[in-house]
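Structure record follows, encoded as structure tokens.
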Amino acid sequence: MDKLIYLKQFETDDLGSLAFFEGDRDVNFPIKRIYYIYGVAKDKSRGGHAHKSLKQILWCPYGVIEVRINDGRLEKTYRLDSPEKALILSGGVWRTMHWIEESSVLCAAASDYYTEDDYIRNFEDYLEYVKKGYWANESKI
Ligand code: TYD
């Protein structure tokens, strides 16, 4: 299930803010990998894939990025427009990420190491995968 959370923050009067989250505590999985995507021009999109089982938390510490998710039945859009917002995604969800502002940074913390085997990169294949899944008759998002 997808879930938008607001990170815990420490704000100061003149020295900015610090936000954080912890694996197993604020997200429902241990964190094994962190990566980030940067240097993307405005109006460009990335993603366009699903993960079979990988869980992730996505956040945008700088800029504005929209994350569009689709489970083969429903679509939702989340707008990451503040460093304190983060989106938790379960496995099995198709996602695309859209750069609303130039040079926005997308960060991700993931439940497992990188493996191409966990990706579904073709939407038709994804819909076939959904049909076989336990959520075939219900929405996953
Ligand atoms: P990908 O997840 O396909 O990003 P996007 O859908 O935004 O284009 O990753 C791009 C490439 O980077 C992919 O072909 C493999 C590599 N990669 C790694 O080697 N390790 C990682 O942790 C990730 C996320 C990607």
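In the structure tokens, the first chain shown is A, the next is B, and so on; residue numbers restart at 1 for each chain, and ligands run from 1 in the order shown.
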
Within 9 Å of Arg33 of chain A using only C-alpha atoms, minus same-chain residues under 4 positions, as a list of chain:residue names: A:Ala108, A:Ala109, A:Ala110, A:Ser111, A:Asp112, A:Tyr113, A:Tyr114

Writing out the chosen residues with all heavy atoms as a compact mmCIF listing (two decimals), in the first residue's frame:
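Dumped to out-v5.txt:
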```
# COMPACT_ATOMS: atom_id res chain seq x y z
N ALA A 108 15.77 7.88 -3.02
CA ALA A 108 15.03 6.65 -2.73
C ALA A 108 15.83 5.80 -1.76
O ALA A 108 17.06 5.70 -1.86
CB ALA A 108 14.78 5.88 -4.03
N ALA A 109 15.12 5.20 -0.83
CA ALA A 109 15.71 4.18 0.04
C ALA A 109 14.90 2.92 -0.21
O ALA A 109 13.66 2.95 -0.26
CB ALA A 109 15.63 4.61 1.50
N ALA A 110 15.61 1.80 -0.39
CA ALA A 110 14.95 0.59 -0.86
C ALA A 110 15.20 -0.58 0.08
O ALA A 110 16.20 -0.62 0.81
CB ALA A 110 15.46 0.25 -2.27
N SER A 111 14.27 -1.53 0.02
CA SER A 111 14.32 -2.67 0.93
C SER A 111 15.32 -3.74 0.51
O SER A 111 15.55 -4.69 1.25
CB SER A 111 12.93 -3.31 1.02
OG SER A 111 12.53 -3.79 -0.25
N ASP A 112 15.89 -3.60 -0.70
CA ASP A 112 16.82 -4.65 -1.14
C ASP A 112 17.88 -4.08 -2.07
O ASP A 112 17.76 -2.94 -2.54
CB ASP A 112 16.04 -5.77 -1.85
CG ASP A 112 16.68 -7.13 -1.60
OD1 ASP A 112 17.89 -7.18 -1.23
OD2 ASP A 112 15.99 -8.14 -1.79
N TYR A 113 18.87 -4.89 -2.37
CA TYR A 113 19.93 -4.50 -3.28
C TYR A 113 19.38 -4.45 -4.70
O TYR A 113 18.33 -5.00 -5.00
CB TYR A 113 21.09 -5.49 -3.20
CG TYR A 113 21.66 -5.62 -1.81
CD1 TYR A 113 21.64 -6.84 -1.14
CD2 TYR A 113 22.16 -4.50 -1.16
CE1 TYR A 113 22.14 -6.94 0.15
CE2 TYR A 113 22.66 -4.60 0.13
CZ TYR A 113 22.64 -5.82 0.78
OH TYR A 113 23.11 -5.92 2.04
N TYR A 114 20.13 -3.79 -5.56
CA TYR A 114 19.69 -3.68 -6.96
C TYR A 114 19.74 -5.04 -7.64
O TYR A 114 20.75 -5.74 -7.59
CB TYR A 114 20.59 -2.70 -7.72
CG TYR A 114 20.33 -2.73 -9.20
CD1 TYR A 114 19.22 -2.09 -9.73
CD2 TYR A 114 21.16 -3.44 -10.06
CE1 TYR A 114 18.95 -2.14 -11.08
CE2 TYR A 114 20.89 -3.49 -11.42
CZ TYR A 114 19.79 -2.84 -11.92
OH TYR A 114 19.53 -2.90 -13.25
```

Could I get the residues of chain A with an atom no further than 12 Å from an atom of ligand 1, each paired with its nearest atom pair and that distance in Å to one decimal, using only C-alpha atoms and all ligand atoms, sorted by chain and residue number, as a Markdown table?
```
| residue | atom | partner | partner_atom_place_in_ligand_line | distance |
| --- | --- | --- | --- | --- |
| A:Lys32 | CA | ligand 1 | 22 (O) | 10.1 |
| A:Arg33 | CA | ligand 1 | 22 (O) | 6.9 |
| A:Ile34 | CA | ligand 1 | 22 (O) | 7.2 |
| A:Tyr35 | CA | ligand 1 | 22 (O) | 5.9 |
| A:Tyr36 | CA | ligand 1 | 24 (C) | 7.8 |
| A:Ile37 | CA | ligand 1 | 7 (O) | 7.3 |
| A:Tyr38 | CA | ligand 1 | 7 (O) | 10.1 |
| A:Gly39 | CA | ligand 1 | 7 (O) | 11.9 |
| A:Val40 | CA | ligand 1 | 7 (O) | 10.1 |
| A:Lys44 | CA | ligand 1 | 7 (O) | 10.6 |
| A:Ser45 | CA | ligand 1 | 7 (O) | 7.9 |
| A:Arg46 | CA | ligand 1 | 7 (O) | 4.2 |
| A:Gly47 | CA | ligand 1 | 6 (O) | 3.2 |
| A:Gly48 | CA | ligand 1 | 6 (O) | 5.8 |
| A:His49 | CA | ligand 1 | 6 (O) | 6.3 |
| A:Ala50 | CA | ligand 1 | 6 (O) | 9.1 |
| A:His51 | CA | ligand 1 | 2 (O) | 9.4 |
| A:Leu54 | CA | ligand 1 | 24 (C) | 11.0 |
| A:Gln56 | CA | ligand 1 | 24 (C) | 10.6 |
| A:Leu58 | CA | ligand 1 | 24 (C) | 11.7 |
| A:Val67 | CA | ligand 1 | 7 (O) | 11.4 |
| A:Trp94 | CA | ligand 1 | 6 (O) | 10.7 |
| A:Arg95 | CA | ligand 1 | 6 (O) | 8.8 |
| A:Thr96 | CA | ligand 1 | 6 (O) | 7.7 |
| A:Met97 | CA | ligand 1 | 7 (O) | 7.6 |
| A:His98 | CA | ligand 1 | 7 (O) | 10.0 |
| A:Trp99 | CA | ligand 1 | 7 (O) | 11.2 |
| A:Val105 | CA | ligand 1 | 7 (O) | 11.7 |
| A:Leu106 | CA | ligand 1 | 7 (O) | 9.5 |
| A:Cys107 | CA | ligand 1 | 24 (C) | 10.0 |
| A:Ala108 | CA | ligand 1 | 24 (C) | 8.3 |
| A:Ala109 | CA | ligand 1 | 22 (O) | 9.4 |
| A:Ala110 | CA | ligand 1 | 22 (O) | 8.5 |
| A:Ser111 | CA | ligand 1 | 22 (O) | 10.9 |
| A:Asp112 | CA | ligand 1 | 22 (O) | 9.1 |
| A:Tyr113 | CA | ligand 1 | 22 (O) | 6.8 |
| A:Tyr114 | CA | ligand 1 | 22 (O) | 4.7 |
| A:Thr115 | CA | ligand 1 | 20 (N) | 7.6 |
| A:Glu116 | CA | ligand 1 | 15 (C) | 7.2 |
| A:Asp117 | CA | ligand 1 | 15 (C) | 11.1 |
| A:Asp118 | CA | ligand 1 | 2 (O) | 10.3 |
| A:Tyr119 | CA | ligand 1 | 2 (O) | 8.2 |
| A:Ile120 | CA | ligand 1 | 3 (O) | 9.9 |
| A:Arg121 | CA | ligand 1 | 3 (O) | 8.2 |
| A:Asn122 | CA | ligand 1 | 6 (O) | 11.4 |
```

Atomic distance atom CA of Gln9 of chain A - atom CA of Ile31 of chain A, expressed in Å with one decimal: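 Those two atoms sit 19.8 Å apart.
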
Long-range neighbours of Leu80 of chain A as number ranges by chain, 9 Å cut-off, only C-alpha atoms, 4 positions minimum in chain: A: 58-61, 63-67, 84-87

Output C-alpha atoms of each residue in that selection to a file, as a PDB file, in the first residue's frame.
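Below is the file part.pdb, written as the result:
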```pdb
ATOM      1  CA  LEU A  58      10.863   8.279  -2.194  1.00  0.00           C
ATOM      2  CA  TRP A  59      11.455  11.863  -1.216  1.00  0.00           C
ATOM      3  CA  CYS A  60      12.462  15.080  -2.900  1.00  0.00           C
ATOM      4  CA  PRO A  61      14.854  17.146  -0.747  1.00  0.00           C
ATOM      5  CA  GLY A  63      12.507  20.901  -6.004  1.00  0.00           C
ATOM      6  CA  VAL A  64       9.164  19.431  -7.024  1.00  0.00           C
ATOM      7  CA  ILE A  65       8.565  15.957  -8.446  1.00  0.00           C
ATOM      8  CA  GLU A  66       5.263  14.217  -9.129  1.00  0.00           C
ATOM      9  CA  VAL A  67       5.079  10.470  -8.681  1.00  0.00           C
ATOM     10  CA  GLU A  84       9.494  16.840   4.709  1.00  0.00           C
ATOM     11  CA  LYS A  85       7.209  14.706   2.491  1.00  0.00           C
ATOM     12  CA  ALA A  86       8.034  11.102   1.594  1.00  0.00           C
ATOM     13  CA  LEU A  87       6.128   8.444  -0.282  1.00  0.00           C
TER      14      LEU A  87
END
```

Which of segment 72-130 of chain A DSSP labels strand (DSSP E or B), written as an MDAnalysis selection string: chainID A and resid 75:80 85:89 94:99 105:110 119:120

Between atom CA of Glu22 of chain A and atom CA of Ile88 of chain A, distance in Å (one decimal):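 Atom CA of Glu22 of chain A sits 12.6 Å away from atom CA of Ile88 of chain A.
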
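Nearest-residue note for Glu102 of chain A: choosing from A:Tyr62, A:Tyr129, A:Phe123, A:Phe20, the minimum distance belongs to A:Tyr62, counting only C-alpha atoms.
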
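The smallest atom-to-atom distance between Val93 of chain A and any of A:Lys42, A:Lys3, A:Lys52, A:Arg79, using only C-alpha atoms, is found for A:Lys52.
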
Helix (DSSP H, G or I) call set, DSSP backbone run, chain A, as a list in words: Glu116, Asp117, Asp118, Phe123, Glu124, Asp125, Tyr126, Leu127, Glu128, Tyr129, Val130, Lys131 and Lys132 of chain A

Point-to-point distance from atom CA of Asp13 of chain A to atom CA of Ser104 of chain A, Å rounded to tenths: 25.1 Å

Distance query Phe21 of chain A at most 9 Å, only C-alpha atoms, self and fewer than 6 positions along chain excluded, as a list in words: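 The contact residues come out as Leu7, Lys8 and Val27 of chain A.
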